[in-house]
$ cat target18.cif   # mmCIF, C-alpha atoms
data_model
#
loop_
_atom_site.label_atom_id
_atom_site.label_comp_id
_atom_site.auth_asym_id
_atom_site.auth_seq_id
_atom_site.Cartn_x
_atom_site.Cartn_y
_atom_site.Cartn_z
CA MET A 411 64.99 50.80 -50.60
CA THR A 412 66.83 49.20 -47.71
CA GLN A 413 67.46 52.30 -45.63
CA LEU A 414 63.73 53.09 -45.63
CA ILE A 415 62.96 50.43 -43.01
CA PRO A 416 64.99 50.43 -39.80
CA GLU A 417 67.23 47.36 -39.46
CA ALA A 418 65.47 45.97 -36.36
CA LEU A 419 62.04 46.24 -37.95
CA ARG A 420 63.29 44.66 -41.18
CA GLU A 421 64.58 41.68 -39.23
CA THR A 422 61.34 41.28 -37.32
CA ILE A 423 59.39 41.39 -40.58
CA GLU A 424 61.70 38.80 -42.10
CA ASP A 425 61.28 36.49 -39.09
CA LEU A 426 57.50 36.90 -39.00
CA GLY A 427 57.47 36.09 -42.72
CA ARG A 428 58.62 32.55 -41.92
CA LEU A 429 55.24 31.74 -40.35
CA PRO A 430 53.08 29.58 -42.63
CA GLY A 431 50.98 31.56 -45.10
CA VAL A 432 52.49 34.89 -44.04
CA GLY A 433 53.71 36.87 -47.05
CA ALA A 434 55.76 40.07 -47.10
CA ARG A 435 52.74 42.38 -46.80
CA THR A 436 51.23 40.50 -43.86
CA ALA A 437 54.59 40.36 -42.08
CA GLU A 438 54.96 44.13 -42.55
CA ARG A 439 51.49 44.63 -41.14
CA TYR A 440 52.33 42.49 -38.09
CA GLY A 441 55.63 44.35 -37.59
CA CYS A 442 54.04 47.80 -37.76
CA PHE A 443 51.19 46.72 -35.53
CA LEU A 444 53.67 45.59 -32.89
CA LEU A 445 55.56 48.88 -33.09
CA LYS A 446 52.38 50.92 -32.74
CA SER A 447 51.19 48.77 -29.83
CA SER A 448 52.51 48.70 -26.30
CA PRO A 449 56.01 47.19 -26.05
CA ASP A 450 54.50 44.67 -23.62
CA ILE A 451 52.90 42.77 -26.49
CA SER A 452 56.21 42.22 -28.31
CA ARG A 453 58.02 41.47 -25.07
CA LYS A 454 55.42 38.93 -23.98
CA LEU A 455 55.51 37.15 -27.35
CA SER A 456 59.30 37.24 -27.30
CA GLU A 457 59.30 35.59 -23.86
CA SER A 458 56.82 32.89 -24.90
CA LEU A 459 58.85 32.01 -27.98
CA LYS A 460 62.20 31.97 -26.20
CA ASP A 461 61.77 28.66 -24.43
CA LEU A 462 58.90 27.18 -26.44
CA HIS A 463 60.92 24.16 -27.58
CA LYS A 464 62.36 23.61 -24.12
CA LYS A 465 58.96 23.60 -22.44
CA VAL A 466 57.00 21.48 -24.90
CA LYS A 467 57.82 18.05 -26.31
CA PHE A 468 56.15 15.26 -28.23
CA CYS A 469 54.70 12.35 -26.25
CA PRO A 470 56.97 9.37 -27.06
CA LYS A 471 53.93 7.06 -27.38
CA THR A 472 51.21 9.11 -29.05
CA PHE A 473 53.22 12.09 -30.44
CA ALA A 474 50.73 14.52 -28.99
CA LEU A 475 52.27 17.76 -27.67
CA ILE A 476 52.89 17.60 -23.92
CA ASP A 477 54.66 19.57 -21.18
CA ALA A 478 58.38 18.91 -21.25
CA ASP A 479 58.30 17.49 -17.71
CA ALA A 480 55.47 15.03 -18.41
CA GLU A 481 56.33 11.47 -19.40
CA VAL A 482 53.46 10.68 -21.71
CA SER A 483 50.26 12.42 -22.87
CA PRO A 484 47.62 12.77 -20.10
CA ILE A 485 45.12 10.99 -22.37
CA TYR A 486 47.46 8.02 -22.73
CA GLU A 487 47.78 7.79 -18.95
CA ASP A 488 44.04 8.10 -18.35
CA GLU A 489 42.87 4.67 -17.18
CA THR A 490 39.20 5.45 -17.81
CA ARG A 491 39.91 5.54 -21.55
CA ASP A 492 40.06 2.60 -23.94
CA ARG A 493 43.62 1.71 -24.91
CA GLY A 494 42.38 -0.81 -27.47
CA LEU A 495 40.80 1.90 -29.62
CA VAL A 496 43.17 4.32 -31.34
CA MET A 497 42.39 7.23 -33.60
CA ILE A 498 45.09 8.18 -36.12
CA VAL A 499 45.34 11.93 -36.80
CA GLU A 500 47.72 14.02 -38.87
CA GLU A 501 48.53 16.84 -36.45
CA PRO A 502 48.57 17.25 -32.65
CA LEU A 503 45.83 19.88 -32.69
CA ASP A 504 43.47 17.51 -34.51
CA ILE A 505 43.12 15.82 -31.11
CA ILE A 506 41.44 18.93 -29.71
CA ALA A 507 38.86 18.96 -32.51
CA ILE A 508 37.93 15.35 -31.72
CA GLU A 509 37.95 15.88 -27.95
CA ASN A 510 35.58 18.81 -28.42
CA THR A 511 32.95 16.38 -29.76
CA ARG A 512 33.01 14.60 -26.34
CA ASN A 513 32.17 11.46 -28.27
CA PHE A 514 35.43 9.57 -28.30
CA SER A 515 36.97 7.76 -25.35
CA GLY A 516 39.87 5.97 -26.99
CA MET A 517 43.52 6.96 -27.51
CA TYR A 518 45.25 8.94 -30.23
CA HIS A 519 48.26 8.48 -32.45
CA VAL A 520 49.64 11.53 -34.25
CA LEU A 521 51.31 10.77 -37.58
CA GLY A 522 52.97 14.17 -37.83
CA GLY A 523 51.57 14.90 -41.29
CA ALA A 524 50.26 13.06 -44.33
CA ILE A 525 52.11 11.31 -47.14
CA SER A 526 52.81 13.90 -49.81
CA PRO A 527 55.42 13.07 -52.45
CA LEU A 528 55.20 16.65 -53.79
CA ASP A 529 56.20 18.09 -50.42
CA GLY A 530 58.80 15.36 -49.92
CA ILE A 531 56.88 13.70 -47.08
CA THR A 532 57.36 9.95 -47.36
CA PRO A 533 55.93 7.31 -44.98
CA ASP A 534 59.35 7.14 -43.29
CA GLU A 535 58.87 10.65 -41.93
CA LEU A 536 55.56 9.80 -40.25
CA HIS A 537 55.25 7.96 -36.93
CA ILE A 538 54.13 4.69 -38.55
CA ARG A 539 56.82 2.43 -37.09
CA GLU A 540 55.78 3.59 -33.60
CA LEU A 541 52.13 2.85 -34.45
CA LEU A 542 53.02 -0.76 -35.30
CA ASP A 543 54.80 -1.05 -31.93
CA ARG A 544 51.70 0.25 -30.18
CA ILE A 545 49.43 -2.19 -32.03
CA ARG A 546 51.60 -4.95 -30.59
CA ASP A 547 52.31 -3.56 -27.12
CA ASP A 548 48.93 -2.03 -26.28
CA GLY A 549 46.79 -4.77 -27.84
CA ILE A 550 44.97 -2.36 -30.13
CA LYS A 551 41.63 -3.80 -31.35
CA GLU A 552 40.36 -1.00 -33.58
CA ILE A 553 42.06 1.77 -35.48
CA ILE A 554 40.02 4.75 -36.69
CA ILE A 555 41.84 6.59 -39.44
CA ALA A 556 41.04 10.29 -39.09
CA THR A 557 43.43 11.83 -41.60
CA GLY A 558 42.05 14.78 -43.58
CA ALA A 559 39.63 14.41 -46.47
CA SER A 560 42.33 15.76 -48.85
CA ILE A 561 44.19 13.76 -51.50
CA GLU A 562 47.14 13.43 -49.10
CA GLY A 563 44.87 12.35 -46.26
CA GLU A 564 43.20 9.74 -48.48
CA SER A 565 46.50 8.33 -49.76
CA THR A 566 47.81 8.12 -46.22
CA ALA A 567 44.66 6.25 -45.10
CA ILE A 568 44.99 3.73 -47.94
CA PHE A 569 48.72 3.30 -47.37
CA LEU A 570 48.26 2.75 -43.63
CA THR A 571 45.45 0.23 -44.11
CA ASN A 572 47.47 -1.87 -46.56
CA TYR A 573 50.61 -1.62 -44.45
CA ILE A 574 48.96 -2.70 -41.21
CA LYS A 575 47.03 -5.55 -42.87
CA GLU A 576 50.19 -6.84 -44.50
CA GLU A 577 52.18 -6.59 -41.27
CA PHE A 578 49.62 -8.27 -39.00
CA LYS A 579 47.74 -10.49 -41.49
CA GLU A 580 44.88 -12.24 -39.63
CA ALA A 581 45.87 -10.59 -36.32
CA SER A 582 45.32 -7.12 -37.79
CA PRO A 583 43.11 -4.80 -35.74
CA LYS A 584 39.84 -3.68 -37.29
CA ILE A 585 40.50 -0.55 -39.37
CA THR A 586 37.82 2.09 -39.98
CA ARG A 587 37.82 5.54 -41.57
CA LEU A 588 35.80 8.63 -40.59
CA ALA A 589 32.70 8.95 -42.78
CA ARG A 590 32.81 11.32 -45.72
CA GLY A 591 29.55 12.98 -46.66
CA LEU A 592 27.55 16.19 -46.44
CA PRO A 593 28.70 18.57 -43.72
CA ILE A 594 25.94 19.95 -41.47
CA GLY A 595 24.20 22.89 -43.12
CA ALA A 596 25.30 21.91 -46.64
CA ASP A 597 23.25 23.03 -49.60
CA LEU A 598 23.22 20.30 -52.26
CA GLY A 599 23.47 22.81 -55.07
CA TYR A 600 26.76 24.13 -53.69
CA THR A 601 28.28 20.77 -52.76
CA ASP A 602 31.14 19.47 -54.94
CA SER A 603 30.61 16.20 -56.76
CA MET A 604 33.33 14.30 -54.85
CA THR A 605 31.52 14.99 -51.59
CA LEU A 606 28.19 14.00 -53.14
CA THR A 607 29.71 10.77 -54.48
CA HIS A 608 30.97 9.93 -50.98
CA ALA A 609 27.59 10.82 -49.46
CA LEU A 610 25.87 8.55 -51.98
CA GLU A 611 28.27 5.63 -51.52
CA GLY A 612 28.10 5.93 -47.75
CA ARG A 613 24.31 6.31 -47.60
CA GLN A 614 22.68 4.82 -44.55
CA THR A 615 19.45 2.88 -44.13
CA LEU A 616 16.77 4.70 -42.15
CA MET B 726 40.13 21.05 -22.54
CA THR B 727 42.91 23.06 -20.97
CA GLN B 728 45.28 20.24 -20.16
CA LEU B 729 45.24 19.09 -23.79
CA ILE B 730 47.59 21.87 -24.86
CA PRO B 731 50.85 22.29 -22.95
CA GLU B 732 50.98 25.55 -20.98
CA ALA B 733 53.91 27.05 -22.93
CA LEU B 734 52.25 26.38 -26.28
CA ARG B 735 48.95 27.79 -25.05
CA GLU B 736 50.66 31.02 -24.05
CA THR B 737 52.46 31.29 -27.38
CA ILE B 738 49.16 30.78 -29.21
CA GLU B 739 47.51 33.42 -27.04
CA ASP B 740 50.30 35.92 -27.74
CA LEU B 741 50.32 35.23 -31.48
CA GLY B 742 46.56 35.72 -31.46
CA ARG B 743 47.11 39.41 -30.61
CA LEU B 744 48.51 40.07 -34.09
CA PRO B 745 46.00 41.85 -36.33
CA GLY B 746 43.64 39.52 -38.19
CA VAL B 747 45.01 36.41 -36.47
CA GLY B 748 42.21 34.31 -34.99
CA ALA B 749 42.47 31.29 -32.71
CA ARG B 750 42.86 28.77 -35.56
CA THR B 751 45.60 30.75 -37.29
CA ALA B 752 47.46 31.30 -34.01
CA GLU B 753 47.29 27.53 -33.34
CA ARG B 754 48.66 26.88 -36.80
CA TYR B 755 51.54 29.29 -36.23
CA GLY B 756 52.29 27.76 -32.83
CA CYS B 757 52.35 24.18 -34.13
CA PHE B 758 54.42 25.22 -37.12
CA LEU B 759 57.03 26.76 -34.83
CA LEU B 760 57.15 23.61 -32.68
CA LYS B 761 57.57 21.37 -35.70
CA SER B 762 60.26 23.63 -37.16
CA SER B 763 63.80 24.11 -35.97
CA PRO B 764 64.04 25.88 -32.59
CA ASP B 765 66.22 28.46 -34.36
CA ILE B 766 63.16 29.99 -36.01
CA SER B 767 61.39 30.68 -32.70
CA ARG B 768 64.61 31.82 -31.06
CA LYS B 769 65.41 34.20 -33.89
CA LEU B 770 61.91 35.72 -33.82
CA SER B 771 62.07 35.95 -30.03
CA GLU B 772 65.36 37.86 -30.28
CA SER B 773 64.04 40.26 -32.92
CA LEU B 774 60.96 41.05 -30.88
CA LYS B 775 62.82 41.51 -27.60
CA ASP B 776 64.29 44.91 -28.35
CA LEU B 777 62.11 45.99 -31.26
CA HIS B 778 60.78 49.05 -29.45
CA LYS B 779 64.23 50.00 -28.19
CA LYS B 780 65.82 49.86 -31.63
CA VAL B 781 63.14 51.61 -33.66
CA LYS B 782 61.51 54.98 -33.09
CA PHE B 783 59.33 57.47 -34.91
CA CYS B 784 61.03 60.38 -36.68
CA PRO B 785 60.06 63.47 -34.64
CA LYS B 786 59.47 65.49 -37.84
CA THR B 787 57.87 63.09 -40.32
CA PHE B 788 56.79 60.21 -38.00
CA ALA B 789 58.35 57.68 -40.34
CA LEU B 790 59.97 54.70 -38.58
CA ILE B 791 63.71 55.19 -38.11
CA ASP B 792 66.64 53.61 -36.30
CA ALA B 793 66.63 54.57 -32.63
CA ASP B 794 70.03 56.25 -32.97
CA ALA B 795 69.07 58.38 -35.97
CA GLU B 796 67.83 61.92 -35.39
CA VAL B 797 65.37 62.27 -38.23
CA SER B 798 64.26 60.21 -41.23
CA PRO B 799 66.98 59.83 -43.93
CA ILE B 800 64.50 61.20 -46.48
CA TYR B 801 63.97 64.33 -44.38
CA GLU B 802 67.72 64.87 -44.23
CA ASP B 803 68.24 64.31 -47.95
CA GLU B 804 69.06 67.71 -49.46
CA THR B 805 68.39 66.58 -53.01
CA ARG B 806 64.69 66.24 -52.15
CA ASP B 807 62.09 68.98 -52.18
CA ARG B 808 61.15 70.12 -48.67
CA GLY B 809 58.38 72.31 -50.00
CA LEU B 810 56.40 69.31 -51.28
CA VAL B 811 54.95 66.98 -48.64
CA MET B 812 52.89 63.84 -49.09
CA ILE B 813 50.57 62.95 -46.22
CA VAL B 814 50.20 59.19 -45.64
CA GLU B 815 48.37 57.16 -43.00
CA GLU B 816 51.04 54.62 -42.07
CA PRO B 817 54.87 54.50 -42.12
CA LEU B 818 54.96 51.66 -44.65
CA ASP B 819 52.87 53.65 -47.13
CA ILE B 820 56.11 55.56 -47.74
CA ILE B 821 57.70 52.45 -49.22
CA ALA B 822 54.83 51.97 -51.67
CA ILE B 823 55.28 55.54 -52.93
CA GLU B 824 59.10 55.31 -53.01
CA ASN B 825 58.78 52.17 -55.12
CA THR B 826 57.16 54.23 -57.87
CA ARG B 827 60.42 56.30 -58.09
CA ASN B 828 58.20 59.18 -59.13
CA PHE B 829 58.15 61.34 -56.03
CA SER B 830 60.99 63.49 -54.77
CA GLY B 831 59.31 65.40 -51.95
CA MET B 832 59.00 64.69 -48.23
CA TYR B 833 56.49 62.66 -46.23
CA HIS B 834 54.36 63.20 -43.18
CA VAL B 835 52.85 60.14 -41.48
CA LEU B 836 49.53 60.79 -39.76
CA GLY B 837 49.59 57.54 -37.81
CA GLY B 838 46.15 56.40 -39.01
CA ALA B 839 42.95 57.89 -40.34
CA ILE B 840 40.06 59.55 -38.54
CA SER B 841 37.62 56.82 -37.53
CA PRO B 842 35.01 57.65 -34.89
CA LEU B 843 33.97 53.96 -34.76
CA ASP B 844 37.49 52.90 -33.77
CA GLY B 845 37.83 55.87 -31.44
CA ILE B 846 40.45 57.59 -33.60
CA THR B 847 39.88 61.34 -33.43
CA PRO B 848 41.98 64.04 -35.16
CA ASP B 849 43.77 64.63 -31.83
CA GLU B 850 45.39 61.22 -32.08
CA LEU B 851 46.90 61.91 -35.50
CA HIS B 852 50.05 63.97 -36.09
CA ILE B 853 48.15 66.99 -37.43
CA ARG B 854 49.50 69.59 -35.00
CA GLU B 855 53.04 68.61 -36.07
CA LEU B 856 52.02 68.96 -39.72
CA LEU B 857 50.91 72.56 -39.11
CA ASP B 858 54.31 73.27 -37.50
CA ARG B 859 56.06 71.84 -40.54
CA ILE B 860 53.96 73.90 -42.93
CA ARG B 861 55.22 76.98 -41.06
CA ASP B 862 58.82 75.92 -40.37
CA ASP B 863 59.67 74.17 -43.64
CA GLY B 864 57.85 76.58 -45.92
CA ILE B 865 55.68 73.87 -47.46
CA LYS B 866 54.25 74.92 -50.85
CA GLU B 867 52.20 71.85 -51.81
CA ILE B 868 50.59 69.09 -49.80
CA ILE B 869 49.56 65.86 -51.54
CA ILE B 870 47.02 63.98 -49.46
CA ALA B 871 47.65 60.26 -49.96
CA THR B 872 45.35 58.75 -47.35
CA GLY B 873 43.57 55.54 -48.39
CA ALA B 874 40.58 55.46 -50.72
CA SER B 875 38.41 54.18 -47.85
CA ILE B 876 35.68 56.09 -46.05
CA GLU B 877 38.12 56.88 -43.23
CA GLY B 878 40.80 57.98 -45.69
CA GLU B 879 38.32 60.24 -47.49
CA SER B 880 37.02 61.83 -44.28
CA THR B 881 40.58 62.43 -43.13
CA ALA B 882 41.44 64.10 -46.45
CA ILE B 883 38.42 66.40 -46.23
CA PHE B 884 39.06 67.22 -42.56
CA LEU B 885 42.74 68.01 -43.22
CA THR B 886 41.96 70.23 -46.20
CA ASN B 887 39.42 72.30 -44.27
CA TYR B 888 41.65 72.49 -41.21
CA ILE B 889 44.73 73.68 -43.09
CA LYS B 890 42.78 76.19 -45.17
CA GLU B 891 41.16 77.64 -42.08
CA GLU B 892 44.46 77.81 -40.21
CA PHE B 893 46.52 79.44 -42.98
CA LYS B 894 43.80 81.29 -44.94
CA GLU B 895 45.42 82.94 -48.00
CA ALA B 896 48.88 81.63 -46.99
CA SER B 897 47.68 78.03 -47.20
CA PRO B 898 49.84 75.67 -49.29
CA LYS B 899 48.26 74.16 -52.39
CA ILE B 900 46.46 70.94 -51.40
CA THR B 901 45.98 68.05 -53.82
CA ARG B 902 44.69 64.51 -53.48
CA LEU B 903 45.84 61.34 -55.28
CA ALA B 904 43.59 60.58 -58.25
CA ARG B 905 40.85 58.00 -57.85
CA GLY B 906 39.94 55.98 -60.94
CA LEU B 907 40.37 52.64 -62.65
CA PRO B 908 43.33 50.60 -61.42
CA ILE B 909 45.58 49.17 -64.13
CA GLY B 910 44.11 45.96 -65.56
CA ALA B 911 40.59 46.73 -64.38
CA ASP B 912 37.66 45.18 -66.20
CA LEU B 913 34.77 47.68 -66.36
CA GLY B 914 32.18 44.99 -65.74
CA TYR B 915 33.81 44.09 -62.43
CA THR B 916 34.50 47.64 -61.25
CA ASP B 917 32.32 49.00 -58.43
CA SER B 918 30.20 52.04 -59.16
CA MET B 919 32.04 54.32 -56.69
CA THR B 920 35.29 53.75 -58.57
CA LEU B 921 33.54 54.31 -61.90
CA THR B 922 31.98 57.52 -60.60
CA HIS B 923 35.43 58.78 -59.56
CA ALA B 924 36.89 57.73 -62.93
CA LEU B 925 34.14 59.63 -64.72
CA GLU B 926 34.42 62.77 -62.60
CA GLY B 927 38.21 62.77 -62.91
CA ARG B 928 38.25 62.07 -66.67
CA GLN B 929 41.12 63.66 -68.56
CA THR B 930 41.24 65.35 -71.96
CA LEU B 931 43.26 63.46 -74.56
#
$ encode --input "target18.cif" --output "structure tokens"
Amino acid sequence: MTQLIPEALRETIEDLGRLPGVGARTAERYGCFLLKSSPDISRKLSESLKDLHKKVKFCPKTFALIDADAEVSPIYEDETRDRGLVMIVEEPLDIIAIENTRNFSGMYHVLGGAISPLDGITPDELHIRELLDRIRDDGIKEIIIATGASIEGESTAIFLTNYIKEEFKEASPKITRLARGLPIGADLGYTDSMTLTHALEGRQTL
Amino acid sequence: MTQLIPEALRETIEDLGRLPGVGARTAERYGCFLLKSSPDISRKLSESLKDLHKKVKFCPKTFALIDADAEVSPIYEDETRDRGLVMIVEEPLDIIAIENTRNFSGMYHVLGGAISPLDGITPDELHIRELLDRIRDDGIKEIIIATGASIEGESTAIFLTNYIKEEFKEASPKITRLARGLPIGADLGYTDSMTLTHALEGRQTL
């Protein structure tokens, strides 16, 4: 079949197929779309990708994504925000979701994933050591664990809590976890029983 | 929110978001994946995209995608194949699906889409004029219309049939259409009524 697809297109399809969740069919669709579209679209994307890693880096304190010429994340530098309150998230873009609520004025710490033995992600691969340093250096008073509500997110939250409490004993910062419960608009009949269990356990007095 | 995402990443996300079916969330996911992965992956994709349009072109006869330095599609040049039998497809990659069946030894003609007034695709934008030339020049005896089983594909098939018959009158090649019916593995209870209607109308004597 090989000679049916021109070499250059085959390579593009192969490279696009490395994106997460992109299978062979989707990659082919992307490749053909690019060929049918103006060459400017491919060229522009090519340019953006060329120096992506040179122009973006991880903040050495919070592990948020920042411009390569910045020292630390702009949020970490912002003196109007509370350095004693730190939210732990899995991925850099989780920060944007929280910032969009306009209801949080603390700092962030990006773990870089969640503990997942099946995917080979052990605690050593997450930025936990650096979190302990920050608890010490920045005088962190409260940690809000905002890992995902998945099995991996839950395990990571439990692991982190135990680890920090053991490390700091009585001097440990307060540790909280985002509430689990009914999402807005949920219909009880369609809600899974784990979510309902959490909603019941976390019920609040009116 | 703008300063939360580094400029270079924001641009990459914007450019990835131009791919078909890729929304903002998916583009963000792709962008972050690339940053977390080895720079080689971005660099390789960047390279492939850079000269994509220079290295690939459309065959001037069949409108299949071919290497830029080839004259016509390798299938069109293949003398063991039947030039009098031509299958009409919407997109270049449809050819691969048919070739994979190993049951077709004719030629192809790529329309470049299907007629779709809603998307602004009129017959003038498809390679119909060039098909008429081929019918004359290559002495085409049978045309198999293999446009999709969508409304657009159906309309295109009907339009093409009428157009060719009107143009060539008694000298018109035989025109057939791929059978519609139950796909392999189909469960009657889950099959839509349009498909069942086609299966009934196209029923075959045993």
$ residues_around --input "target18.cif" --residues "segment 892-905 of chain B" --least-positions-apart "3" --cutoff "6 Å" --atoms "all atoms listed in the file" --output "ChimeraX atom specification"
/B:866-871,889,923
$ resolve_selection --input "target18.cif" --expression "the PyMOL selection byres ((chain B) within 8 of (chain A))" --output "PyMOL selection string"
chain B and resi 726+728-734+736-737+740-741+743-745+753-755+757-760+764+766-778+780-781+790-792+799+818+821+824-825
$ resolve_selection --input "target18.cif" --expression "the PyMOL selection byres ((chain A and resi 561) around 12)" --output "MDAnalysis selection string"
chainID A and resid 524:528 557:560 562:568 604
$ residues_around --input "target18.cif" --residues "Ile538 of chain A" --least-positions-apart "4" --cutoff "9 Å" --atoms "all atoms listed in the file" --output "CSV table (one decimal) with C-alpha atoms, keeping the file's coordinate frame"
chain,number,residue,atom,x,y,z
A,521,LEU,CA,51.3,10.8,-37.6
A,533,PRO,CA,55.9,7.3,-45.0
A,534,ASP,CA,59.4,7.1,-43.3
A,542,LEU,CA,53.0,-0.8,-35.3
A,543,ASP,CA,54.8,-1.0,-31.9
A,570,LEU,CA,48.3,2.8,-43.6
$ axis_aligned_box --input "target18.cif" --around "segment 592-601 of chain A" --padding-each-side "8 Å" --output "AutoDock Vina command-line options"
--center_x 26.0 --center_y 20.2 --center_z -48.3 --size_x 21.5 --size_y 23.9 --size_z 29.6
$ atom_distance --input "target18.cif" --atom1 "atom CA of Glu500 of chain A" --atom2 "atom CA of Gly612 of chain A"
23.0 Å
$ atom_distance --input "target18.cif" --atom1 "atom CA of Ala911 of chain B" --atom2 "atom CA of Tyr833 of chain B"
28.9 Å
$ residues_around --input "target18.cif" --residues "Glu855 of chain B" --least-positions-apart "6" --cutoff "9 Å" --atoms "all atoms listed in the file" --output "compact mmCIF listing (two decimals) with C-alpha atoms, keeping the file's coordinate frame"
# COMPACT_ATOMS: atom_id res chain seq x y z
CA PRO B 785 60.06 63.47 -34.64
CA LYS B 786 59.47 65.49 -37.84
CA THR B 787 57.87 63.09 -40.32
$ resolve_selection --input "target18.cif" --expression "the PyMOL selection byres ((chain B and resi 808) around 8)" --output "PyMOL selection string"
chain B and resi 801+806-807+809-811+831-832+863-865
$ atom_distance --input "target18.cif" --atom1 "atom CA of Asp597 of chain A" --atom2 "atom CA of Thr615 of chain A"
21.2 Å
$ residues_near_point --input "target18.cif" --point "(38.8, 54.4, -65.3)" --cutoff "8 Å" --atoms "all atoms listed in the file" --output "number ranges by chain"
B: 906-908, 911, 913, 920-921, 923-925, 928
$ build_atoms --input "target18.cif" --residues "segment 756-770 of chain B" --atoms "N, CA, C and O atoms" --output "PDB file, in the frame of the given file"
ATOM      1  N   GLY B 756      51.635  28.377 -33.984  1.00  0.00           N
ATOM      2  CA  GLY B 756      52.290  27.760 -32.830  1.00  0.00           C
ATOM      3  C   GLY B 756      52.804  26.362 -33.159  1.00  0.00           C
ATOM      4  O   GLY B 756      53.953  26.021 -32.856  1.00  0.00           O
ATOM      5  N   CYS B 757      51.957  25.547 -33.794  1.00  0.00           N
ATOM      6  CA  CYS B 757      52.350  24.180 -34.130  1.00  0.00           C
ATOM      7  C   CYS B 757      53.455  24.172 -35.176  1.00  0.00           C
ATOM      8  O   CYS B 757      54.369  23.347 -35.119  1.00  0.00           O
ATOM      9  N   PHE B 758      53.366  25.116 -36.117  1.00  0.00           N
ATOM     10  CA  PHE B 758      54.420  25.220 -37.120  1.00  0.00           C
ATOM     11  C   PHE B 758      55.762  25.476 -36.448  1.00  0.00           C
ATOM     12  O   PHE B 758      56.764  24.819 -36.755  1.00  0.00           O
ATOM     13  N   LEU B 759      55.777  26.421 -35.505  1.00  0.00           N
ATOM     14  CA  LEU B 759      57.030  26.760 -34.830  1.00  0.00           C
ATOM     15  C   LEU B 759      57.585  25.553 -34.075  1.00  0.00           C
ATOM     16  O   LEU B 759      58.781  25.292 -34.089  1.00  0.00           O
ATOM     17  N   LEU B 760      56.685  24.784 -33.438  1.00  0.00           N
ATOM     18  CA  LEU B 760      57.150  23.610 -32.680  1.00  0.00           C
ATOM     19  C   LEU B 760      57.704  22.534 -33.600  1.00  0.00           C
ATOM     20  O   LEU B 760      58.646  21.831 -33.246  1.00  0.00           O
ATOM     21  N   LYS B 761      57.105  22.390 -34.769  1.00  0.00           N
ATOM     22  CA  LYS B 761      57.570  21.370 -35.700  1.00  0.00           C
ATOM     23  C   LYS B 761      58.866  21.809 -36.393  1.00  0.00           C
ATOM     24  O   LYS B 761      59.622  20.981 -36.881  1.00  0.00           O
ATOM     25  N   SER B 762      59.075  23.123 -36.471  1.00  0.00           N
ATOM     26  CA  SER B 762      60.260  23.630 -37.160  1.00  0.00           C
ATOM     27  C   SER B 762      61.454  23.664 -36.208  1.00  0.00           C
ATOM     28  O   SER B 762      61.315  23.417 -35.017  1.00  0.00           O
ATOM     29  N   SER B 763      62.583  23.996 -36.773  1.00  0.00           N
ATOM     30  CA  SER B 763      63.800  24.110 -35.970  1.00  0.00           C
ATOM     31  C   SER B 763      63.614  25.161 -34.879  1.00  0.00           C
ATOM     32  O   SER B 763      63.015  26.210 -35.119  1.00  0.00           O
ATOM     33  N   PRO B 764      64.140  24.899 -33.671  1.00  0.00           N
ATOM     34  CA  PRO B 764      64.040  25.880 -32.590  1.00  0.00           C
ATOM     35  C   PRO B 764      64.658  27.227 -32.965  1.00  0.00           C
ATOM     36  O   PRO B 764      64.313  28.263 -32.397  1.00  0.00           O
ATOM     37  N   ASP B 765      65.565  27.207 -33.947  1.00  0.00           N
ATOM     38  CA  ASP B 765      66.220  28.460 -34.360  1.00  0.00           C
ATOM     39  C   ASP B 765      65.208  29.505 -34.831  1.00  0.00           C
ATOM     40  O   ASP B 765      65.404  30.701 -34.624  1.00  0.00           O
ATOM     41  N   ILE B 766      64.140  29.044 -35.489  1.00  0.00           N
ATOM     42  CA  ILE B 766      63.160  29.990 -36.010  1.00  0.00           C
ATOM     43  C   ILE B 766      62.456  30.738 -34.878  1.00  0.00           C
ATOM     44  O   ILE B 766      62.333  31.959 -34.907  1.00  0.00           O
ATOM     45  N   SER B 767      62.033  30.018 -33.842  1.00  0.00           N
ATOM     46  CA  SER B 767      61.390  30.680 -32.700  1.00  0.00           C
ATOM     47  C   SER B 767      62.385  31.573 -31.983  1.00  0.00           C
ATOM     48  O   SER B 767      62.052  32.687 -31.577  1.00  0.00           O
ATOM     49  N   ARG B 768      63.609  31.059 -31.816  1.00  0.00           N
ATOM     50  CA  ARG B 768      64.610  31.820 -31.060  1.00  0.00           C
ATOM     51  C   ARG B 768      64.945  33.124 -31.775  1.00  0.00           C
ATOM     52  O   ARG B 768      65.043  34.177 -31.159  1.00  0.00           O
ATOM     53  N   LYS B 769      65.077  33.025 -33.089  1.00  0.00           N
ATOM     54  CA  LYS B 769      65.410  34.200 -33.890  1.00  0.00           C
ATOM     55  C   LYS B 769      64.289  35.257 -33.785  1.00  0.00           C
ATOM     56  O   LYS B 769      64.552  36.441 -33.576  1.00  0.00           O
ATOM     57  N   LEU B 770      63.042  34.801 -33.913  1.00  0.00           N
ATOM     58  CA  LEU B 770      61.910  35.720 -33.820  1.00  0.00           C
ATOM     59  C   LEU B 770      61.831  36.317 -32.415  1.00  0.00           C
ATOM     60  O   LEU B 770      61.600  37.519 -32.248  1.00  0.00           O
TER      61      LEU B 770
END
